[in-house]
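Asker: Encoded as structure tokens, here's the structure I'll be asking about.
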Amino acid sequence: MAANNRLFGIIGFPLSQSFSPGFFAKKFSDEGLDNCRYDAFPLASIDLLPQILNENPNLQGLNVTIPYKSAVIPFLNSLSEEAQSIGAVNVIKIKDGQLIGYNSDVFGFEHSLRNFLPDPLPENLRALVLGTGGASKAVQFVLRKIAVPYLLVSRTASSESIDYPSITDSVLQTHLLIINTTPLGMAPQVDAFPPLSYQQLTPSHYLYDLVYNPAKTKFLSMGEVSGTKVLNGLPMLYLQAEKAWEIWNS
């Protein structure tokens with residue numbers, strides 16, 4: 001078997017901070033998979049995806065990240081049931097010229113969240129979900145699955161979400177799980193954070209940030225001042241990456 005004849009990669013923009021190339025390079029090295037390679041494909045437009053596929057005929061799988069988790073769907077031949085329900089894709093399996101979309105964020109988020117929260121779940125647990133993009137859709141899917149009611153928060157209020165100024169102290173006191181699905185605070189913009197009344201948080205709150213670089217965002221560190229329990233997106237990332245590898249090899 002020729003070296004490097006199984007190619008995998010990630011599409012998104014920008015990709016300078018992406019975890020996936022390093023994760024899979026180490027995985028391939030540790031497991032002696034010298035016939036596998038993982039490349040980053042930064043796409044300024046999702047319309048460039050067909051060009052990437054044409055130029056790399058040995059591509060067998062792709063991860064999809066910001067901002068294309070929903071925009072990539074029209075380029076796919078079919079979707080898994082979960083990806084169809086969520087409306088977002090972060091894994092593409094390429095087989096016999098067919099592109100099949102999956103969502104491994106669901107697996108990663110659900111298992112990391114269950115490990116983070118007490119078992120059984122606190123009575124009357126409610127969540128605030130910050131952001132309404134592709135990652136948010138996977139988070140919402142999991143919250144519905146585990147029967148945790150949630151309120152969506154976006155920069156602009158809509159029929160489905162409130163805006164940040166609408167997060168009153170009362171809303172904070174009744175929503176003890178706060179999940180940041182936005183890129184706020186992600187390197188290199190490490191000083192950015194969702195505009196909340198952090199002084200109103202308590203040791204009964206749980207802050208989950210899907211951002212993993214830096215390991216502790218302003219969102220998490222400001223919550224910790226109040227004794228809030230915090231978790232970054234790294235456990236979810238490892239879990240979804242392993243699930244992606246399972247999908248590509250199934």
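Convention: chains lettered A, B, ... in structure tokens order; per-chain residue numbering from 1; ligands numbered from 1 as shown.
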Could you pull the residues within 12 Å of stretch 13-27 of chain A, counting only C-alpha atoms, minus those fewer than 2 positions along the same chain, as a PyMOL selection string?
Answerer: chain A and resi 4+7-11+29-46+48+62-69+90-91+183+186-189+211-214+233-234+236-242+244-245
Asker: Could those selected residues go to a file with C-alpha atoms, as a PDB file, in the first residue's frame?
Answerer:
ATOM      1  CA  ASN A   4      -0.125   8.645   2.179  1.00  0.00           C
ATOM      2  CA  LEU A   7      -6.150  11.688   2.553  1.00  0.00           C
ATOM      3  CA  PHE A   8      -8.380  13.427   5.107  1.00  0.00           C
ATOM      4  CA  GLY A   9      -8.709  17.094   5.949  1.00  0.00           C
ATOM      5  CA  ILE A  10     -10.696  20.014   7.253  1.00  0.00           C
ATOM      6  CA  ILE A  11     -12.481  22.863   5.493  1.00  0.00           C
ATOM      7  CA  SER A  29       1.858   8.639  14.090  1.00  0.00           C
ATOM      8  CA  ASP A  30       0.878   6.929  17.357  1.00  0.00           C
ATOM      9  CA  GLU A  31      -1.076   4.209  15.543  1.00  0.00           C
ATOM     10  CA  GLY A  32       1.478   3.665  12.780  1.00  0.00           C
ATOM     11  CA  LEU A  33      -0.951   4.742  10.063  1.00  0.00           C
ATOM     12  CA  ASP A  34       1.746   5.821   7.601  1.00  0.00           C
ATOM     13  CA  ASN A  35      -0.696   5.517   4.698  1.00  0.00           C
ATOM     14  CA  CYS A  36      -2.827   8.382   6.083  1.00  0.00           C
ATOM     15  CA  ARG A  37      -2.426  12.163   5.847  1.00  0.00           C
ATOM     16  CA  TYR A  38      -4.546  15.033   7.140  1.00  0.00           C
ATOM     17  CA  ASP A  39      -4.451  18.493   5.535  1.00  0.00           C
ATOM     18  CA  ALA A  40      -6.077  21.845   6.233  1.00  0.00           C
ATOM     19  CA  PHE A  41      -8.031  23.372   3.344  1.00  0.00           C
ATOM     20  CA  PRO A  42      -8.876  27.000   4.229  1.00  0.00           C
ATOM     21  CA  LEU A  43     -11.677  28.057   1.894  1.00  0.00           C
ATOM     22  CA  ALA A  44     -12.473  31.753   1.519  1.00  0.00           C
ATOM     23  CA  SER A  45     -15.755  30.570  -0.043  1.00  0.00           C
ATOM     24  CA  ILE A  46     -17.610  27.253   0.224  1.00  0.00           C
ATOM     25  CA  LEU A  48     -14.296  26.355  -3.728  1.00  0.00           C
ATOM     26  CA  LEU A  62     -13.406  15.965   5.629  1.00  0.00           C
ATOM     27  CA  ASN A  63     -14.155  17.772   8.837  1.00  0.00           C
ATOM     28  CA  VAL A  64     -16.181  20.976   8.455  1.00  0.00           C
ATOM     29  CA  THR A  65     -15.832  23.956  10.767  1.00  0.00           C
ATOM     30  CA  ILE A  66     -16.836  27.629  11.000  1.00  0.00           C
ATOM     31  CA  PRO A  67     -18.454  29.088   8.930  1.00  0.00           C
ATOM     32  CA  TYR A  68     -19.564  26.221   6.648  1.00  0.00           C
ATOM     33  CA  LYS A  69     -21.386  23.656   8.817  1.00  0.00           C
ATOM     34  CA  ASN A  90     -19.145  18.692  10.590  1.00  0.00           C
ATOM     35  CA  VAL A  91     -18.055  15.385   9.018  1.00  0.00           C
ATOM     36  CA  PRO A 183     -16.341  32.153  18.568  1.00  0.00           C
ATOM     37  CA  MET A 186     -11.272  32.360  20.568  1.00  0.00           C
ATOM     38  CA  ALA A 187      -7.614  33.080  19.808  1.00  0.00           C
ATOM     39  CA  PRO A 188      -6.421  35.512  18.622  1.00  0.00           C
ATOM     40  CA  GLN A 189      -9.368  37.634  19.926  1.00  0.00           C
ATOM     41  CA  VAL A 211     -14.064  27.359  22.431  1.00  0.00           C
ATOM     42  CA  TYR A 212     -10.915  25.426  23.424  1.00  0.00           C
ATOM     43  CA  ASN A 213      -8.161  27.857  22.408  1.00  0.00           C
ATOM     44  CA  PRO A 214      -7.327  29.433  24.800  1.00  0.00           C
ATOM     45  CA  GLY A 233     -14.588  22.533  24.382  1.00  0.00           C
ATOM     46  CA  LEU A 234     -11.534  20.243  24.391  1.00  0.00           C
ATOM     47  CA  MET A 236     -16.002  17.571  23.066  1.00  0.00           C
ATOM     48  CA  LEU A 237     -13.350  18.082  20.401  1.00  0.00           C
ATOM     49  CA  TYR A 238     -11.532  14.831  21.170  1.00  0.00           C
ATOM     50  CA  LEU A 239     -14.790  12.890  21.266  1.00  0.00           C
ATOM     51  CA  GLN A 240     -16.114  14.304  17.981  1.00  0.00           C
ATOM     52  CA  ALA A 241     -12.747  13.739  16.260  1.00  0.00           C
ATOM     53  CA  GLU A 242     -12.661  10.066  17.284  1.00  0.00           C
ATOM     54  CA  ALA A 244     -15.308  11.277  12.759  1.00  0.00           C
ATOM     55  CA  TRP A 245     -12.531   8.694  12.383  1.00  0.00           C
TER      56      TRP A 245
END
Asker: Residues of stretch 168-217 of chain A that have any atom at most 12 Å from an atom of stretch 155-164 of chain A: could you tabulate them with the shortest-distance atom pair and the distance in Å to one decimal, using only C-alpha atoms, ordered by chain and increasing number, as CSV?
Answerer:
residue,atom,partner,partner_atom,distance
A:Thr168,CA,A:Tyr164,CA,8.8
A:Asp169,CA,A:Tyr164,CA,11.7
A:Val171,CA,A:Tyr164,CA,10.9
A:Leu172,CA,A:Tyr164,CA,11.3
A:Thr182,CA,A:Arg155,CA,10.6
A:Leu184,CA,A:Arg155,CA,11.8
A:Phe193,CA,A:Tyr164,CA,11.8
A:Pro194,CA,A:Tyr164,CA,8.2
A:Pro195,CA,A:Tyr164,CA,6.6
A:Leu196,CA,A:Tyr164,CA,7.2
A:Ser197,CA,A:Tyr164,CA,10.0
Asker: Extract, using only C-alpha atoms, all DNA, RNA and protein residues at most 12 Å from A:Val142, discarding same-chain residues fewer than 3 positions from it, and format them as a ChimeraX atom specification.
Answerer: /A:82,85-86,103-114,127,129,135-139,145-150
Asker: Please produce a file of the residues just selected, as a CSV table (one decimal), in the first residue's frame, where the atoms kept are C-alpha atoms.
Answerer:
chain,number,residue,atom,x,y,z
A,82,GLU,CA,-29.0,13.4,12.8
A,85,SER,CA,-32.5,16.9,11.7
A,86,ILE,CA,-29.9,19.3,13.0
A,103,ASN,CA,-22.7,15.4,12.6
A,104,SER,CA,-20.2,14.1,15.2
A,105,ASP,CA,-20.6,17.3,17.3
A,106,VAL,CA,-23.7,15.8,18.7
A,107,PHE,CA,-21.8,12.8,20.0
A,108,GLY,CA,-19.0,14.9,21.4
A,109,PHE,CA,-21.2,17.5,23.0
A,110,GLU,CA,-23.6,15.0,24.6
A,111,HIS,CA,-20.9,12.8,26.2
A,112,SER,CA,-18.8,15.7,27.4
A,113,LEU,CA,-21.9,17.4,28.8
A,114,ARG,CA,-23.0,14.3,30.7
A,127,ALA,CA,-30.0,26.3,29.6
A,129,VAL,CA,-27.5,28.8,24.4
A,135,ALA,CA,-22.5,24.4,16.5
A,136,SER,CA,-25.5,25.8,18.3
A,137,LYS,CA,-27.8,23.5,16.3
A,138,ALA,CA,-26.0,20.4,17.5
A,139,VAL,CA,-26.1,21.7,21.1
A,145,LYS,CA,-32.7,14.8,23.5
A,146,ILE,CA,-31.9,15.0,27.3
A,147,ALA,CA,-35.0,17.1,28.0
A,148,VAL,CA,-33.2,20.3,29.1
A,149,PRO,CA,-35.3,23.3,28.1
A,150,TYR,CA,-33.3,26.1,26.6
Asker: Apply DSSP to the backbone of this structure and, from stretch 5-102 of chain A, keep only the residues in helix (DSSP H, G or I); write these as JSON, numbers by chain.
Answerer: {"A": [20, 21, 22, 23, 24, 25, 26, 27, 28, 29, 30, 46, 47, 48, 49, 50, 51, 52, 53, 54, 55, 73, 74, 75, 81, 82, 83, 84, 85, 86]}
Asker: Find, counting only C-alpha atoms, the residue in A:Ala83, A:Leu231, A:Ile179, A:Leu59 that gets nearest to A:Phe141.
Answerer: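 Looking at the shortest contact to A:Phe141, the residue is A:Ala83.
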Asker: Mind pulling up the distance from atom CA of A:Ile100 to atom CA of A:Ser80?
Answerer: 7.3 Å
Asker: Looking at A:Gly97, A:Pro120, A:Pro74, A:Gly134, which one is nearest to A:Asn54, with distances taken over only C-alpha atoms?
Answerer: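 That would be A:Gly97, the residue with the smallest distance to A:Asn54.
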Asker: Given only C-alpha atoms as the basis, pick out the residue of A:Thr132, A:Ser78, A:Gln199, A:Ser170 nearest to A:Lys93.
Answerer: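 Using only C-alpha atoms, the shortest distance to A:Lys93 belongs to A:Ser78.
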Asker: Please, what distance in Å, to one decimal, runs between atom CA of A:Ser221 and atom CA of A:Ser204?
Answerer: 15.7 Å
Asker: Which parts of stretch 8-224 of chain A does DSSP call strand (DSSP E or B) when run on the backbone here, written out as a VMD selection string?
Answerer: chain A and resid 8 to 12 36 to 42 59 to 64 78 to 79 91 to 95 98 to 102 127 to 130 150 to 154 161 to 163 177 to 180 206 to 209
Asker: Choose the residue, out of A:Ile167, A:Ala71, A:Leu99, A:Leu176, that has the smallest atom-to-atom separation from A:Pro122; count only C-alpha atoms.
Answerer: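 Closest candidate: A:Leu176.
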Asker: Leaving out A:Leu130 and any residue of its chain fewer than 5 positions from it, which residues lie within 7 Å of it when counting only C-alpha atoms, given as a list in words?
Answerer: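 Everything that qualifies: Leu152, Val153, Ser154, Ile179, Asn180, Thr181 and Thr182 of chain A.
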Asker: Please produce a file of the residues just selected, as an mmCIF file, in the first residue's frame, where the atoms kept are N, CA and C atoms.
Answerer:
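Okay, part.cif is ready:
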data_model
loop_
_atom_site.group_PDB
_atom_site.id
_atom_site.type_symbol
_atom_site.label_atom_id
_atom_site.label_comp_id
_atom_site.auth_asym_id
_atom_site.auth_seq_id
_atom_site.Cartn_x
_atom_site.Cartn_y
_atom_site.Cartn_z
ATOM 1 N N LEU A 152 -32.516 30.480 23.405
ATOM 2 C CA LEU A 152 -31.465 30.895 22.478
ATOM 3 C C LEU A 152 -31.170 32.382 22.642
ATOM 4 N N VAL A 153 -29.887 32.728 22.552
ATOM 5 C CA VAL A 153 -29.460 34.121 22.654
ATOM 6 C C VAL A 153 -28.638 34.472 21.416
ATOM 7 N N SER A 154 -29.000 35.580 20.773
ATOM 8 C CA SER A 154 -28.278 36.031 19.590
ATOM 9 C C SER A 154 -28.034 37.535 19.703
ATOM 10 N N ILE A 179 -24.193 27.905 27.772
ATOM 11 C CA ILE A 179 -23.317 27.281 26.776
ATOM 12 C C ILE A 179 -22.968 28.309 25.707
ATOM 13 N N ASN A 180 -21.678 28.585 25.556
ATOM 14 C CA ASN A 180 -21.238 29.507 24.517
ATOM 15 C C ASN A 180 -20.887 28.727 23.259
ATOM 16 N N THR A 181 -21.677 28.920 22.203
ATOM 17 C CA THR A 181 -21.405 28.259 20.919
ATOM 18 C C THR A 181 -20.822 29.246 19.906
ATOM 19 N N THR A 182 -20.560 30.479 20.335
ATOM 20 C CA THR A 182 -20.012 31.506 19.439
ATOM 21 C C THR A 182 -18.480 31.454 19.474
#
Asker: Calculated over only C-alpha atoms, which of the candidates A:Gly12, A:Thr202, A:Trp248, A:Gln173 has the smallest distance to A:Ile94?
Answerer: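 Answer, going by the shortest atom-to-atom distance: A:Trp248.
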Asker: Tell me, in Å to one decimal, how far atom CA of A:Phe116 is from atom CA of A:Gln140.
Answerer: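 Between atom CA of A:Phe116 and atom CA of A:Gln140 the gap works out to 16.8 Å.
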